[in-house]
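Novice: Structure below; questions to follow.
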Amino acid sequence: MHKLSKHVGDEETAVEWPNLFYRQETTGLDRLVIAPRRNPIGLLTELAKYIEPEYYLLYVLVASRGSSLQGRYQSPPLQSVDVRLFLDDFAGLLEHDARHHFWIGSTTTGDLLVYDDHGIIYAYGPLRQFEGVLTARGLTSGAFSIPSPHTHHFHDAFDDDAERLLSRWEWVRSDLQPSD
C-alpha cells in the first residue's frame, strides 16, 4: 500500500521519493524539505529528539472515511516517550495513508516537523542538527518536486487505526484552515 502515486501515460505507479533534502527560504524561518525513500516515521522520531520538549501533536484530518469530522486535532502537552510510543503505534497509518497531515511541535519554541499527505517532511528549528541526522541516514542535498498529476490513496485497511488514533487522547478539534 502506498500513500501517493504518479501518472505516467496510462499507468499509475507508486511515488518513490529520491532520498533528498534541500533548504528552503520562506517568508518566516528557513526550513528543510525532506523526501525520504524509506521509513519516514523513523526519521521523524529521530528528528524529534532535537526539538525542545514539551511537545504537541497536530493530526490534520483532511479526508474522513469514518465517523470522525475533518479538522485539526491537537494533542495535550506530551513528553518525548509519549511521542515515540504514538509514532510506533501509528506508523503504518501515517506512512501509507494520505487522509492526513501530521505535525510534531515544541510547546516552548517554534521548532516544528510537518509530515504532509504527500510523504514529504518539512523541518523548522535546529536545521544544522537536522541536516546531520539526514546525512547520517544517507540522504543527500538536492532538489525534487511533487509529481503532477498524482493521486492520494486512502486505504480502508487503516480506517480502524484512524479511529483509534483519535481516541488516544482528549484532542482539541478545530476547523481545517485554507492551507490544509
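Going through the C-alpha cells in order, the chains are called A, B, and so on, while each chain numbers its residues from 1 and the ligands are numbered from 1 in the order shown.
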Give me the residues near A:Pro53 as a count of residues only, where near means some atom within 8 Å (using only C-alpha atoms) and where sequence neighbours in that chain fewer than 4 positions away do not count.
Specialist: 6
Novice: Once you count only C-alpha atoms, what closest atom pair and distance in Å to one decimal does each residue of stretch 78-150 of chain A within 10 Å of stretch 30-45 of chain A have, with rows by chain and rising residue number, as a tab-separated table?
Specialist:
```
residue	atom	partner	partner_atom	distance
A:Ser80	CA	A:Thr45	CA	9.3
A:Val83	CA	A:Thr45	CA	8.0
A:Arg84	CA	A:Thr45	CA	6.3
A:Leu85	CA	A:Thr45	CA	9.7
A:Phe86	CA	A:Thr45	CA	10.0
A:Leu87	CA	A:Ile41	CA	6.7
A:Asp88	CA	A:Ile41	CA	8.1
A:Phe90	CA	A:Ile41	CA	9.1
A:Ala91	CA	A:Ile41	CA	6.0
A:Gly92	CA	A:Ile41	CA	8.8
A:Leu94	CA	A:Ile41	CA	7.5
A:Glu95	CA	A:Ile41	CA	6.8
A:Trp103	CA	A:Leu44	CA	9.7
A:Ile104	CA	A:Leu44	CA	8.5
A:Leu112	CA	A:Arg31	CA	9.5
A:Leu113	CA	A:Leu44	CA	7.4
A:Val114	CA	A:Leu44	CA	8.9
A:Tyr115	CA	A:Leu44	CA	8.2
A:His118	CA	A:Ala35	CA	9.4
A:Gly119	CA	A:Ala35	CA	7.2
A:Ile120	CA	A:Ala35	CA	5.2
A:Ile121	CA	A:Ile34	CA	5.0
A:Tyr122	CA	A:Val33	CA	4.8
A:Ala123	CA	A:Leu32	CA	5.0
A:Tyr124	CA	A:Arg31	CA	4.9
A:Gly125	CA	A:Arg31	CA	7.5
A:Pro126	CA	A:Arg31	CA	9.3
A:Leu127	CA	A:Leu32	CA	7.0
A:Arg128	CA	A:Leu32	CA	9.8
A:Phe130	CA	A:Leu32	CA	8.3
A:Glu131	CA	A:Leu32	CA	8.2
A:Val133	CA	A:Leu43	CA	8.4
A:Leu134	CA	A:Leu43	CA	8.2
A:Arg137	CA	A:Leu43	CA	8.5
A:Gly138	CA	A:Pro36	CA	9.4
A:Leu139	CA	A:Pro36	CA	7.2
A:Thr140	CA	A:Ile34	CA	9.7
A:Ser141	CA	A:Ile34	CA	9.2
A:Gly142	CA	A:Ile34	CA	9.6
A:Ala143	CA	A:Val33	CA	9.1
A:Phe144	CA	A:Ala35	CA	8.0
A:Ser145	CA	A:Ala35	CA	9.3
A:Ile146	CA	A:Ala35	CA	9.7
```
Novice: Using DSSP secondary structure from the backbone, list all strand (DSSP E or B) positions within chain A, as a PyMOL selection string.
Specialist: chain A and resi 4-8+11-14+20-24+31-35+55-61+71-74+78+100-106+112-115+121-124+140-141+150-152+172-174
Novice: Enumerate the residues of chain A with a DSSP assignment of helix (DSSP H, G or I), computed from the backbone, and present them as a ChimeraX atom specification.
Specialist: /A:40-48,80-96,127-136,156-166
Novice: May I have the selected residues written with C-alpha atoms, as a PDB file, in the first residue's frame?
Specialist:
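Okay, part.pdb is ready:
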```
ATOM      1  CA  PRO A  40       9.716   8.488   7.226  1.00  0.00           C
ATOM      2  CA  ILE A  41       8.223   7.857  10.673  1.00  0.00           C
ATOM      3  CA  GLY A  42      11.556   6.529  11.936  1.00  0.00           C
ATOM      4  CA  LEU A  43      13.159   9.674  10.564  1.00  0.00           C
ATOM      5  CA  LEU A  44      10.525  11.870  12.262  1.00  0.00           C
ATOM      6  CA  THR A  45      11.221  10.056  15.538  1.00  0.00           C
ATOM      7  CA  GLU A  46      14.923  10.776  15.206  1.00  0.00           C
ATOM      8  CA  LEU A  47      14.466  14.426  14.193  1.00  0.00           C
ATOM      9  CA  ALA A  48      12.054  14.997  17.103  1.00  0.00           C
ATOM     10  CA  SER A  80       9.236  12.502  24.289  1.00  0.00           C
ATOM     11  CA  VAL A  81       8.257   8.977  25.362  1.00  0.00           C
ATOM     12  CA  ASP A  82       4.599   9.758  24.527  1.00  0.00           C
ATOM     13  CA  VAL A  83       5.563  10.972  21.053  1.00  0.00           C
ATOM     14  CA  ARG A  84       7.774   7.938  20.430  1.00  0.00           C
ATOM     15  CA  LEU A  85       5.077   5.470  21.528  1.00  0.00           C
ATOM     16  CA  PHE A  86       2.464   7.263  19.407  1.00  0.00           C
ATOM     17  CA  LEU A  87       4.704   7.137  16.324  1.00  0.00           C
ATOM     18  CA  ASP A  88       5.467   3.461  16.887  1.00  0.00           C
ATOM     19  CA  ASP A  89       1.781   2.656  17.275  1.00  0.00           C
ATOM     20  CA  PHE A  90       0.529   4.578  14.235  1.00  0.00           C
ATOM     21  CA  ALA A  91       3.494   4.343  11.829  1.00  0.00           C
ATOM     22  CA  GLY A  92       1.572   2.248   9.283  1.00  0.00           C
ATOM     23  CA  LEU A  93      -1.343   4.676   9.083  1.00  0.00           C
ATOM     24  CA  LEU A  94       0.885   7.745   8.961  1.00  0.00           C
ATOM     25  CA  GLU A  95       3.270   6.334   6.324  1.00  0.00           C
ATOM     26  CA  HIS A  96       0.856   4.597   3.956  1.00  0.00           C
ATOM     27  CA  LEU A 127      18.436  22.915  10.795  1.00  0.00           C
ATOM     28  CA  ARG A 128      22.148  22.063  11.119  1.00  0.00           C
ATOM     29  CA  GLN A 129      21.387  19.295  13.606  1.00  0.00           C
ATOM     30  CA  PHE A 130      18.590  18.045  11.347  1.00  0.00           C
ATOM     31  CA  GLU A 131      20.984  18.066   8.371  1.00  0.00           C
ATOM     32  CA  GLY A 132      23.444  15.966  10.379  1.00  0.00           C
ATOM     33  CA  VAL A 133      20.728  13.362  11.009  1.00  0.00           C
ATOM     34  CA  LEU A 134      19.735  13.343   7.344  1.00  0.00           C
ATOM     35  CA  THR A 135      23.312  12.925   6.130  1.00  0.00           C
ATOM     36  CA  ALA A 136      23.940  10.130   8.648  1.00  0.00           C
ATOM     37  CA  ASP A 156      -9.865   1.043   4.218  1.00  0.00           C
ATOM     38  CA  ALA A 157      -7.323  -1.194   5.972  1.00  0.00           C
ATOM     39  CA  PHE A 158      -6.369   1.864   8.069  1.00  0.00           C
ATOM     40  CA  ASP A 159      -9.898   3.018   8.969  1.00  0.00           C
ATOM     41  CA  ASP A 160      -9.808   1.369  12.399  1.00  0.00           C
ATOM     42  CA  ASP A 161      -6.348   2.803  13.120  1.00  0.00           C
ATOM     43  CA  ALA A 162      -7.564   6.294  12.214  1.00  0.00           C
ATOM     44  CA  GLU A 163     -10.496   5.966  14.628  1.00  0.00           C
ATOM     45  CA  ARG A 164      -8.217   4.528  17.329  1.00  0.00           C
ATOM     46  CA  LEU A 165      -5.737   7.394  16.826  1.00  0.00           C
ATOM     47  CA  LEU A 166      -8.433   9.952  17.559  1.00  0.00           C
TER      48      LEU A 166
END
```
Novice: Measuring atom to atom with only C-alpha atoms, identify which of A:Glu12, A:Glu25, A:Asp117, A:Glu52 is nearest to A:Asp97.
Specialist: A:Asp117
Novice: Fewer than 5 positions away in the same chain doesn't count, so skip those; otherwise give me all residues within 8 Å of A:Asp116, counting only C-alpha atoms, as a PyMOL selection string.
Specialist: chain A and resi 100-102+121
Novice: Please measure the separation of atom CA of A:Ser67 and atom CA of A:Ala14, giving the value in Å to one decimal.
Specialist: 28.3 Å
Novice: To one decimal in Å, tell me the separation between atom CA of A:Glu54 and atom CA of A:Asp175.
Specialist: 24.0 Å
